[in-house]
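**Student:** I am sharing query-v8.tsv, which consists of TSV, C-alpha atoms and all ligand atoms:
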chain	number	residue	atom	x	y	z
A	8	MET	CA	0.00	0.00	0.00
A	9	ALA	CA	1.25	3.50	-0.83
A	10	ARG	CA	1.91	5.68	2.22
A	11	LEU	CA	1.62	9.45	2.50
A	12	LEU	CA	3.36	11.70	5.00
A	13	HIS	CA	1.16	14.79	5.45
A	14	ILE	CA	2.60	17.81	7.26
A	15	ASP	CA	0.54	20.93	8.10
A	16	SER	CA	2.40	23.94	9.46
A	17	SER	CA	0.01	26.91	9.64
A	18	SER	CA	-0.79	28.34	13.08
A	19	SER	CA	-4.12	29.58	11.78
A	20	LYS	CA	-7.40	27.75	12.29
A	21	ASP	CA	-8.84	29.37	9.16
A	22	SER	CA	-5.89	28.39	7.02
A	23	VAL	CA	-5.72	28.48	3.23
A	24	SER	CA	-2.73	26.13	3.03
A	25	ARG	CA	-4.46	23.61	5.29
A	26	SER	CA	-7.61	23.82	3.15
A	27	LEU	CA	-5.53	23.02	0.04
A	28	ALA	CA	-4.01	20.03	1.82
A	29	ALA	CA	-7.50	18.90	2.79
A	30	ARG	CA	-8.46	18.97	-0.88
A	31	TYR	CA	-5.48	16.73	-1.72
A	32	ARG	CA	-6.49	14.37	1.08
A	33	GLU	CA	-10.03	14.05	-0.31
A	34	VAL	CA	-8.53	12.48	-3.42
A	35	TRP	CA	-5.76	10.52	-1.71
A	36	ASP	CA	-7.95	9.05	1.03
A	37	LYS	CA	-10.56	7.90	-1.47
A	38	GLU	CA	-7.88	5.92	-3.30
A	39	HIS	CA	-5.67	4.70	-0.48
A	40	GLY	CA	-7.73	5.10	2.72
A	41	ALA	CA	-7.04	7.47	5.62
A	42	ASP	CA	-5.01	4.78	7.39
A	43	SER	CA	-2.38	5.08	4.65
A	44	VAL	CA	-1.49	8.54	5.98
A	45	THR	CA	0.99	9.58	8.66
A	46	TYR	CA	-0.12	13.03	9.78
A	47	ARG	CA	1.79	15.73	11.64
A	48	ASP	CA	0.25	19.02	12.68
A	49	LEU	CA	3.37	21.03	13.51
A	50	ALA	CA	1.38	23.92	15.01
A	51	ALA	CA	-0.58	21.69	17.39
A	52	GLU	CA	2.38	19.44	18.23
A	53	PRO	CA	5.61	21.25	17.37
A	54	VAL	CA	8.83	19.31	16.96
A	55	PRO	CA	11.34	20.88	19.36
A	56	HIS	CA	13.97	23.23	18.00
A	57	LEU	CA	17.53	21.94	17.97
A	58	ASP	CA	19.11	22.12	21.43
A	59	PRO	CA	22.70	21.14	22.35
A	60	ASP	CA	21.74	17.44	22.72
A	61	ALA	CA	20.03	17.42	19.33
A	62	VAL	CA	23.06	18.92	17.62
A	63	VAL	CA	25.23	16.12	19.05
A	64	THR	CA	22.87	13.34	17.95
A	65	LEU	CA	22.72	14.67	14.39
A	66	TRP	CA	26.34	13.50	13.98
A	67	ALA	CA	27.23	11.04	16.75
A	68	PRO	CA	25.69	8.20	18.78
A	69	PRO	CA	23.83	9.41	21.90
A	70	ALA	CA	25.80	9.25	25.15
A	71	THR	CA	23.33	10.55	27.75
A	72	GLU	CA	19.68	9.94	28.62
A	73	ALA	CA	18.69	13.31	27.10
A	74	GLN	CA	20.61	12.53	23.92
A	75	ARG	CA	18.98	9.09	23.68
A	76	ALA	CA	15.53	10.73	23.90
A	77	THR	CA	16.46	13.20	21.18
A	78	ALA	CA	17.93	10.48	18.99
A	79	ALA	CA	14.71	8.50	19.36
A	80	LEU	CA	12.68	11.47	18.14
A	81	GLN	CA	15.01	11.99	15.17
A	82	GLU	CA	14.79	8.28	14.37
A	83	ARG	CA	10.99	8.46	14.41
A	84	LEU	CA	10.98	11.47	12.05
A	85	VAL	CA	13.51	9.87	9.71
A	86	GLY	CA	11.46	6.66	9.73
A	87	GLU	CA	8.32	8.57	8.75
A	88	LEU	CA	10.10	10.16	5.80
A	89	LEU	CA	11.72	6.94	4.60
A	90	ALA	CA	8.43	5.02	4.87
A	91	ALA	CA	6.46	7.59	2.86
A	92	ASP	CA	5.98	7.03	-0.85
A	93	ALA	CA	4.68	10.58	-1.17
A	94	LEU	CA	5.09	13.77	0.82
A	95	LEU	CA	2.47	16.50	1.28
A	96	ILE	CA	3.44	19.73	3.05
A	97	SER	CA	1.20	22.75	3.53
A	98	VAL	CA	3.02	25.99	4.23
A	99	PRO	CA	1.97	29.53	5.14
A	100	MET	CA	4.46	32.28	4.27
A	101	TYR	CA	5.52	33.94	7.54
A	102	ASN	CA	7.85	36.92	7.38
A	103	TRP	CA	8.96	36.05	3.85
A	104	THR	CA	9.93	32.48	4.67
A	105	ILE	CA	8.66	29.19	6.10
A	106	PRO	CA	7.18	28.98	9.63
A	107	SER	CA	9.70	28.20	12.33
A	108	VAL	CA	7.83	24.99	13.24
A	109	LEU	CA	8.49	23.66	9.73
A	110	LYS	CA	12.16	24.64	9.95
A	111	ALA	CA	12.44	22.81	13.30
A	112	TRP	CA	10.92	19.68	11.71
A	113	LEU	CA	13.43	19.88	8.84
A	114	ASP	CA	16.33	20.44	11.25
A	115	GLN	CA	15.44	17.30	13.25
A	116	SER	CA	14.58	15.20	10.17
A	117	LEU	CA	17.52	15.83	7.86
A	118	ILE	CA	20.23	13.47	9.06
A	119	LEU	CA	23.34	12.94	7.00
A	120	GLY	CA	23.49	9.43	5.62
A	121	ARG	CA	19.82	8.71	6.48
A	122	THR	CA	17.63	11.24	4.71
A	123	LEU	CA	20.32	13.69	3.64
A	124	PRO	CA	22.58	12.14	1.00
A	125	TYR	CA	26.33	11.76	1.60
A	126	ASP	CA	26.69	11.19	-2.10
A	127	PRO	CA	24.56	13.46	-4.34
A	128	SER	CA	24.22	10.61	-6.85
A	129	SER	CA	22.46	8.39	-4.31
A	130	LYS	CA	19.57	10.14	-2.58
A	131	PRO	CA	17.51	8.00	-0.16
A	132	LEU	CA	14.32	9.98	-0.90
A	133	GLY	CA	15.16	10.67	-4.53
A	134	GLY	CA	12.41	10.47	-7.14
A	135	ARG	CA	9.50	10.40	-4.70
A	136	PRO	CA	6.72	12.94	-5.25
A	137	ALA	CA	6.52	15.91	-2.88
A	138	THR	CA	3.55	18.27	-3.13
A	139	VAL	CA	4.09	21.63	-1.46
A	140	LEU	CA	1.00	23.82	-0.96
A	141	VAL	CA	1.84	27.42	-0.13
A	142	ALA	CA	-0.37	30.32	0.97
A	143	CYS	CA	1.06	33.83	0.63
A	144	GLY	CA	-0.62	37.00	1.87
A	145	GLY	CA	0.94	38.95	-1.00
A	146	PHE	CA	2.21	38.23	-4.48
A	147	TYR	CA	5.81	37.23	-5.20
A	148	GLY	CA	5.36	35.47	-8.53
A	149	GLU	CA	8.16	35.13	-11.03
A	150	GLY	CA	9.03	38.47	-12.62
A	151	SER	CA	7.03	40.50	-10.09
A	152	PRO	CA	8.73	43.43	-8.28
A	153	ASP	CA	8.75	41.54	-4.95
A	154	ALA	CA	9.78	38.11	-6.29
A	155	GLY	CA	13.21	38.40	-4.63
A	156	MET	CA	11.57	38.71	-1.20
A	157	ASP	CA	10.23	35.16	-1.38
A	158	HIS	CA	12.51	33.05	0.83
A	159	CYS	CA	9.82	30.43	1.31
A	160	ARG	CA	9.21	28.73	-2.03
A	161	PRO	CA	12.79	28.86	-3.44
A	162	TYR	CA	14.12	27.54	-0.11
A	163	LEU	CA	11.77	24.55	-0.15
A	164	ARG	CA	12.61	23.84	-3.78
A	165	THR	CA	16.32	23.81	-2.91
A	166	VAL	CA	15.99	21.54	0.11
A	167	LEU	CA	13.29	19.14	-1.07
A	168	GLY	CA	14.14	19.09	-4.78
A	169	GLN	CA	17.81	19.84	-5.29
A	170	VAL	CA	19.19	18.38	-2.05
A	171	LEU	CA	16.82	15.52	-1.17
A	172	GLY	CA	15.89	14.71	-4.76
A	173	TYR	CA	12.09	14.77	-4.42
A	174	GLU	CA	10.08	15.37	-7.56
A	175	VAL	CA	8.52	18.60	-6.30
A	176	GLU	CA	5.27	20.17	-7.37
A	177	MET	CA	4.59	23.51	-5.72
A	178	ILE	CA	1.13	25.06	-5.84
A	179	THR	CA	0.56	28.56	-4.46
A	180	ALA	CA	-2.49	30.54	-3.43
A	181	TRP	CA	-1.50	34.21	-3.72
A	182	ARG	CA	-2.86	37.38	-2.09
A	183	THR	CA	-4.74	35.53	0.63
A	184	LEU	CA	-4.86	38.68	2.79
A	185	ALA	CA	-6.80	40.47	0.06
A	186	GLY	CA	-8.95	37.35	-0.24
A	187	ALA	CA	-9.75	37.74	3.46
A	188	GLY	CA	-10.88	41.33	2.96
A	189	ALA	CA	-7.64	43.29	3.49
A	190	GLY	CA	-7.29	44.65	-0.03
A	191	SER	CA	-9.01	46.37	-2.93
A	192	PRO	CA	-11.88	44.66	-4.77
A	193	GLU	CA	-9.50	44.06	-7.71
A	194	GLU	CA	-7.00	42.32	-5.44
A	195	ALA	CA	-9.77	40.31	-3.83
A	196	GLU	CA	-10.81	39.14	-7.27
A	197	LEU	CA	-7.24	38.11	-8.12
A	198	ALA	CA	-7.02	36.30	-4.77
A	199	GLY	CA	-10.23	34.41	-5.48
A	200	ALA	CA	-8.99	33.38	-8.92
A	201	SER	CA	-5.64	32.26	-7.49
A	202	LEU	CA	-7.34	30.14	-4.83
A	203	ARG	CA	-9.69	28.53	-7.35
A	204	GLU	CA	-6.75	27.72	-9.64
A	205	ALA	CA	-4.72	26.32	-6.74
A	206	ARG	CA	-7.60	24.08	-5.65
A	207	GLU	CA	-7.98	22.78	-9.19
A	208	LEU	CA	-4.24	22.13	-9.55
A	209	VAL	CA	-4.20	20.29	-6.22
A	210	GLY	CA	-7.01	18.03	-7.41
A	211	VAL	CA	-5.15	17.32	-10.65
A	212	ARG	CA	-1.90	16.61	-8.81
A	213	ALA	CA	-3.53	14.29	-6.28
A	214	ALA	CA	-5.35	12.45	-9.06
A	215	ALA	CA	-2.11	12.09	-11.03
A	216	LEU	CA	-0.54	10.37	-8.00
A	217	ARG	CA	-3.38	7.86	-7.81
A	218	GLY	CA	-1.99	4.39	-7.62
A	219	ALA	CA	1.50	5.73	-6.81
A	220	PRO	CA	3.72	2.67	-6.38
A	221	ALA	CA	4.77	1.78	-2.84
A	222	VAL	CA	8.41	2.30	-1.90
A	223	GLY	CA	10.53	-0.46	-3.39
A	224	ALA	CA	7.78	-1.51	-5.82
A	225	VAL	CA	8.65	-1.50	-9.51
B	1	LIG	C1	3.15	35.88	11.40
B	1	LIG	C2	2.74	36.12	9.98
B	1	LIG	C3	3.65	36.60	9.07
B	1	LIG	C4	3.28	36.81	7.75
B	1	LIG	N1	4.21	37.24	6.86
B	1	LIG	C5	3.87	37.41	5.57
B	1	LIG	C6	4.85	37.81	4.61
B	1	LIG	O1	6.00	38.00	4.92
B	1	LIG	N2	4.44	37.96	3.32
B	1	LIG	C7	3.17	37.73	2.93
B	1	LIG	O2	2.87	37.86	1.75
B	1	LIG	N3	2.22	37.34	3.83
B	1	LIG	C8	2.56	37.17	5.12
B	1	LIG	N4	1.61	36.76	6.03
B	1	LIG	C9	0.27	36.42	5.54
B	1	LIG	C10	0.17	34.92	5.30
B	1	LIG	O3	1.14	34.48	4.37
B	1	LIG	C11	-1.20	34.57	4.81
B	1	LIG	O4	-2.14	34.93	5.80
B	1	LIG	C12	-1.35	33.10	4.46
B	1	LIG	O5	-2.65	32.86	3.99
B	1	LIG	C13	-1.02	32.21	5.64
B	1	LIG	O6	-1.27	30.86	5.33
B	1	LIG	P1	-2.52	30.09	5.96
B	1	LIG	O7	-3.76	30.77	5.42
B	1	LIG	O8	-2.37	28.71	5.49
B	1	LIG	O9	-2.43	30.23	7.46
B	1	LIG	C14	1.96	36.56	7.35
B	1	LIG	C15	1.03	36.08	8.27
B	1	LIG	C16	1.41	35.86	9.58
B	1	LIG	C17	0.40	35.31	10.55
Please rewrite the model in this file as structure tokens.
Ligand SMILES: Cc1cc2nc3c(=O)[nH]c(=O)nc-3n(C[C@H](O)[C@H](O)[C@H](O)COP(=O)(O)O)c2cc1C
**Tutor:**
Amino acid sequence: MARLLHIDSSSSKDSVSRSLAARYREVWDKEHGADSVTYRDLAAEPVPHLDPDAVVTLWAPPATEAQRATAALQERLVGELLAADALLISVPMYNWTIPSVLKAWLDQSLILGRTLPYDPSSKPLGGRPATVLVACGGFYGEGSPDAGMDHCRPYLRTVLGQVLGYEVEMITAWRTLAGAGAGSPEEAELAGASLREARELVGVRAAALRGAPAVGAV
């Protein structure tokens, strides 16, 4: 059976990125069943930020009780990534980048030789599909005046795509603040169109991954 690792990272209850992930799950769950999903809500249950014990256990075997507890957490997170045939991450843009809870999850999950490749030609997670669903209050699309301020989407492309080797599809809902009433009617219209397009693209992406082969399957 194909397995999905689903990560939500918005602190908002009324979250656009979470709603896009929910749309993906409608399609995935129908095909594979909800029990094929490992779910982490990083806002509700944050992964701790790296502390001195966690920095040690990223590189060396644990030597103390505290380090053994940290190593066990890292092992669990690594196990979830390695077991997942597909990755789904929903991401709000906070202060021009990813939320700190998502960064903490990455920091504890990317372990050299386990998930992070020693050798760029052999990537443990390489080739698996990762769907990244982003909600931005403003607009930072390619060629726009503020595109260079986006340290959220390019960062995730670098880490998930270039470094880990995932086949990344990124779908973005733009101008969500205007969509929530904090902009002109023209901006609100653009926000509505962007959200509708994002929802449609998410449905297409999830449907395209139907019947995704399980890890190790040909
Ligand atoms: C703490 C915080 C920081 C934000 N920073 C930015 C930002 O730098 N650029 C931007 O366009 N929108 C910013 N926003 C707006 C969010 O990107 C927008 O509300 C988005 O829809 C959040 O995703 P969500 O709806 O999934 O929670 C910020 C919102 C919050 C709560």
**Student:** Determine, for each residue of chain A having at least one atom at most 8 Å from an atom of ligand LIG 1 (chain B), the closest pair of atoms and their separation in Å to one decimal, counting all atoms listed in the file; order by chain and ascending number, as a Markdown table.
**Tutor:**
| residue | atom | partner | partner_atom | distance |
| --- | --- | --- | --- | --- |
| A:Ser16 | CA | B:LIG1 | O8 | 7.8 |
| A:Ser17 | CA | B:LIG1 | O9 | 4.7 |
| A:Ser18 | CA | B:LIG1 | O9 | 6.2 |
| A:Ser19 | CA | B:LIG1 | O9 | 4.7 |
| A:Lys20 | CA | B:LIG1 | O9 | 7.4 |
| A:Asp21 | CA | B:LIG1 | O7 | 6.5 |
| A:Ser22 | CA | B:LIG1 | O7 | 3.6 |
| A:Val23 | CA | B:LIG1 | O7 | 3.7 |
| A:Ser24 | CA | B:LIG1 | O8 | 3.6 |
| A:Arg25 | CA | B:LIG1 | O8 | 5.5 |
| A:Ser26 | CA | B:LIG1 | O8 | 7.5 |
| A:Ser97 | CA | B:LIG1 | O8 | 7.2 |
| A:Val98 | CA | B:LIG1 | O8 | 6.2 |
| A:Pro99 | CA | B:LIG1 | O6 | 3.5 |
| A:Met100 | CA | B:LIG1 | O3 | 4.0 |
| A:Tyr101 | CA | B:LIG1 | C3 | 3.6 |
| A:Asn102 | CA | B:LIG1 | O1 | 3.3 |
| A:Trp103 | CA | B:LIG1 | O1 | 3.7 |
| A:Thr104 | CA | B:LIG1 | O1 | 6.8 |
| A:Val141 | CA | B:LIG1 | O8 | 7.1 |
| A:Ala142 | CA | B:LIG1 | O6 | 4.5 |
| A:Cys143 | CA | B:LIG1 | O3 | 3.8 |
| A:Gly144 | CA | B:LIG1 | N3 | 3.5 |
| A:Gly145 | CA | B:LIG1 | O2 | 3.5 |
| A:Phe146 | CA | B:LIG1 | O2 | 6.3 |
| A:Tyr147 | CA | B:LIG1 | O2 | 7.6 |
| A:Asp157 | CA | B:LIG1 | N2 | 8.0 |
| A:Ala180 | CA | B:LIG1 | O5 | 7.8 |
| A:Trp181 | CA | B:LIG1 | O2 | 7.9 |
| A:Arg182 | CA | B:LIG1 | O2 | 6.9 |
| A:Thr183 | CA | B:LIG1 | O5 | 4.8 |
| A:Leu184 | CA | B:LIG1 | O4 | 5.5 |
**Student:** Suppose you want the space between CA of His13 in chain A and CA of Glu204 in chain A; what is it in Å?
**Tutor:**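 We find that CA of His13 in chain A and CA of Glu204 in chain A lie 21.4 Å from each other.
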**Student:** Find the distance between CA of Val44 in chain A and CA of Arg10 in chain A and write it in Å to one decimal.
**Tutor:**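 Separation of CA of Val44 in chain A and CA of Arg10 in chain A: 5.8 Å.
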**Student:** Let me make sure I understand: among A:Pro106, A:Gly40, A:Pro53, A:Gly210, which one has the smallest atom-to-atom distance to Leu163 in chain A if we use all atoms listed in the file?
**Tutor:**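 Comparing A:Pro106, A:Gly40, A:Pro53, A:Gly210 against Leu163 in chain A, the winner is A:Pro106.
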**Student:** Give as JSON, numbers by chain each residue that has an atom at most 8 Å from (8.6, 16.4, 12.5) in the file, counting all atoms listed in the file.
**Tutor:** {"A": [47, 49, 53, 54, 84, 109, 111, 112, 113, 115, 116]}
**Student:** From the options A:Gly120, A:Gly86, A:Pro131, A:Gly186, which residue's atoms come nearest to Ala67 in chain A, counting all atoms listed in the file?
**Tutor:**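 Smallest separation from Ala67 in chain A among the options: A:Gly120.
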**Student:** If I take CA of Ala198 in chain A and CA of Lys110 in chain A, how far is one from the other in Å, to one decimal?
**Tutor:**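 Separating CA of Ala198 in chain A from CA of Lys110 in chain A is a distance of 26.8 Å.
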**Student:** At most 10 Å from (19.5, 10.3, 3.3), file frame, only C-alpha atoms: which residues, as a PyMOL selection string?
**Tutor:** chain A and resi 85+88-89+116-127+129-133+170-172
**Student:** For each of A:Val63, A:Met156, A:Leu95, A:Ile105, take the minimum atom-to-atom distance to Glu176 in chain A, counting only C-alpha atoms, then give the residue where this is smallest.
**Tutor:**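 Ranked by minimum distance to Glu176 in chain A, first place goes to A:Leu95.
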**Student:** Contacts of Val209 in chain A at 6 Å or less, counting all atoms listed in the file, minus same-chain residues fewer than 3 places along, as JSON, numbers by chain?
**Tutor:** {"A": [31, 206, 212]}
**Student:** Ranking A:Ala61, A:Cys159, A:Val108, A:Leu167 by minimum distance to Ala73 in chain A and counting only C-alpha atoms, which one comes first?
**Tutor:** A:Ala61
**Student:** Write out as JSON an axis-aligned box for range 51-70 of chain A: all of its atoms listed in the file, 3 Å added on each side, centre and edge lengths in Å with one decimal.
**Tutor:**
{"center_x": 13.3, "center_y": 15.7, "center_z": 19.6, "size_x": 33.8, "size_y": 21.0, "size_z": 17.2}
**Student:** For a quick check of understanding, using all atoms listed in the file, which of A:Pro55, A:Gly148, A:Gly199, A:Pro136 has the smallest distance to Val175 in chain A?
**Tutor:**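 Looking only at the distances to Val175 in chain A, the closest residue turns out to be A:Pro136.
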**Student:** Counting all atoms listed in the file, which of A:Tyr46, A:Trp35, A:Trp66, A:Tyr162 gets nearest to Gln81 in chain A?
**Tutor:**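 Looking only at the distances to Gln81 in chain A, the closest residue turns out to be A:Trp66.
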**Student:** Would you kindly place N, CA and C atoms on range 44-66 of chain A and return the model as a PDB file, in the coordinates of the input?
**Tutor:**
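Contents of result_19.pdb, as written:
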ATOM      1  N   VAL A  44      -2.092   7.217   5.798  1.00  0.00           N
ATOM      2  CA  VAL A  44      -1.490   8.540   5.980  1.00  0.00           C
ATOM      3  C   VAL A  44      -0.870   8.668   7.371  1.00  0.00           C
ATOM      4  N   THR A  45       0.369   9.146   7.399  1.00  0.00           N
ATOM      5  CA  THR A  45       0.990   9.580   8.660  1.00  0.00           C
ATOM      6  C   THR A  45       0.845  11.093   8.695  1.00  0.00           C
ATOM      7  N   TYR A  46       0.197  11.608   9.747  1.00  0.00           N
ATOM      8  CA  TYR A  46      -0.120  13.030   9.780  1.00  0.00           C
ATOM      9  C   TYR A  46       0.605  13.732  10.923  1.00  0.00           C
ATOM     10  N   ARG A  47       1.186  14.878  10.609  1.00  0.00           N
ATOM     11  CA  ARG A  47       1.790  15.730  11.640  1.00  0.00           C
ATOM     12  C   ARG A  47       1.240  17.143  11.508  1.00  0.00           C
ATOM     13  N   ASP A  48       0.677  17.628  12.604  1.00  0.00           N
ATOM     14  CA  ASP A  48       0.250  19.020  12.680  1.00  0.00           C
ATOM     15  C   ASP A  48       1.313  19.742  13.510  1.00  0.00           C
ATOM     16  N   LEU A  49       2.216  20.451  12.824  1.00  0.00           N
ATOM     17  CA  LEU A  49       3.370  21.030  13.510  1.00  0.00           C
ATOM     18  C   LEU A  49       2.987  22.217  14.392  1.00  0.00           C
ATOM     19  N   ALA A  50       1.810  22.821  14.139  1.00  0.00           N
ATOM     20  CA  ALA A  50       1.380  23.920  15.010  1.00  0.00           C
ATOM     21  C   ALA A  50       0.804  23.354  16.308  1.00  0.00           C
ATOM     22  N   ALA A  51       0.042  22.285  16.202  1.00  0.00           N
ATOM     23  CA  ALA A  51      -0.580  21.690  17.390  1.00  0.00           C
ATOM     24  C   ALA A  51       0.451  20.922  18.222  1.00  0.00           C
ATOM     25  N   GLU A  52       1.355  20.235  17.530  1.00  0.00           N
ATOM     26  CA  GLU A  52       2.380  19.440  18.230  1.00  0.00           C
ATOM     27  C   GLU A  52       3.735  19.724  17.613  1.00  0.00           C
ATOM     28  N   PRO A  53       4.347  20.855  18.004  1.00  0.00           N
ATOM     29  CA  PRO A  53       5.610  21.250  17.370  1.00  0.00           C
ATOM     30  C   PRO A  53       6.740  20.264  17.698  1.00  0.00           C
ATOM     31  N   VAL A  54       7.576  20.054  16.723  1.00  0.00           N
ATOM     32  CA  VAL A  54       8.830  19.310  16.960  1.00  0.00           C
ATOM     33  C   VAL A  54       9.782  20.312  17.622  1.00  0.00           C
ATOM     34  N   PRO A  55      10.487  19.894  18.675  1.00  0.00           N
ATOM     35  CA  PRO A  55      11.340  20.880  19.360  1.00  0.00           C
ATOM     36  C   PRO A  55      12.448  21.423  18.458  1.00  0.00           C
ATOM     37  N   HIS A  56      12.812  22.675  18.706  1.00  0.00           N
ATOM     38  CA  HIS A  56      13.970  23.230  18.000  1.00  0.00           C
ATOM     39  C   HIS A  56      15.225  22.510  18.448  1.00  0.00           C
ATOM     40  N   LEU A  57      16.266  22.601  17.632  1.00  0.00           N
ATOM     41  CA  LEU A  57      17.530  21.940  17.970  1.00  0.00           C
ATOM     42  C   LEU A  57      18.095  22.535  19.260  1.00  0.00           C
ATOM     43  N   ASP A  58      18.411  21.662  20.226  1.00  0.00           N
ATOM     44  CA  ASP A  58      19.110  22.120  21.430  1.00  0.00           C
ATOM     45  C   ASP A  58      20.499  21.449  21.405  1.00  0.00           C
ATOM     46  N   PRO A  59      21.342  21.695  22.405  1.00  0.00           N
ATOM     47  CA  PRO A  59      22.700  21.140  22.350  1.00  0.00           C
ATOM     48  C   PRO A  59      22.732  19.614  22.216  1.00  0.00           C
ATOM     49  N   ASP A  60      21.779  18.901  22.854  1.00  0.00           N
ATOM     50  CA  ASP A  60      21.740  17.440  22.720  1.00  0.00           C
ATOM     51  C   ASP A  60      21.398  17.035  21.285  1.00  0.00           C
ATOM     52  N   ALA A  61      20.464  17.768  20.691  1.00  0.00           N
ATOM     53  CA  ALA A  61      20.030  17.420  19.330  1.00  0.00           C
ATOM     54  C   ALA A  61      21.150  17.660  18.325  1.00  0.00           C
ATOM     55  N   VAL A  62      21.944  18.668  18.543  1.00  0.00           N
ATOM     56  CA  VAL A  62      23.060  18.920  17.620  1.00  0.00           C
ATOM     57  C   VAL A  62      24.060  17.776  17.683  1.00  0.00           C
ATOM     58  N   VAL A  63      24.297  17.257  18.895  1.00  0.00           N
ATOM     59  CA  VAL A  63      25.230  16.120  19.050  1.00  0.00           C
ATOM     60  C   VAL A  63      24.704  14.905  18.304  1.00  0.00           C
ATOM     61  N   THR A  64      23.398  14.594  18.500  1.00  0.00           N
ATOM     62  CA  THR A  64      22.870  13.340  17.950  1.00  0.00           C
ATOM     63  C   THR A  64      22.650  13.396  16.443  1.00  0.00           C
ATOM     64  N   LEU A  65      22.768  14.604  15.859  1.00  0.00           N
ATOM     65  CA  LEU A  65      22.720  14.670  14.390  1.00  0.00           C
ATOM     66  C   LEU A  65      23.953  13.982  13.791  1.00  0.00           C
ATOM     67  N   TRP A  66      25.062  13.961  14.549  1.00  0.00           N
ATOM     68  CA  TRP A  66      26.340  13.500  13.980  1.00  0.00           C
ATOM     69  C   TRP A  66      26.918  12.279  14.685  1.00  0.00           C
TER      70      TRP A  66
END
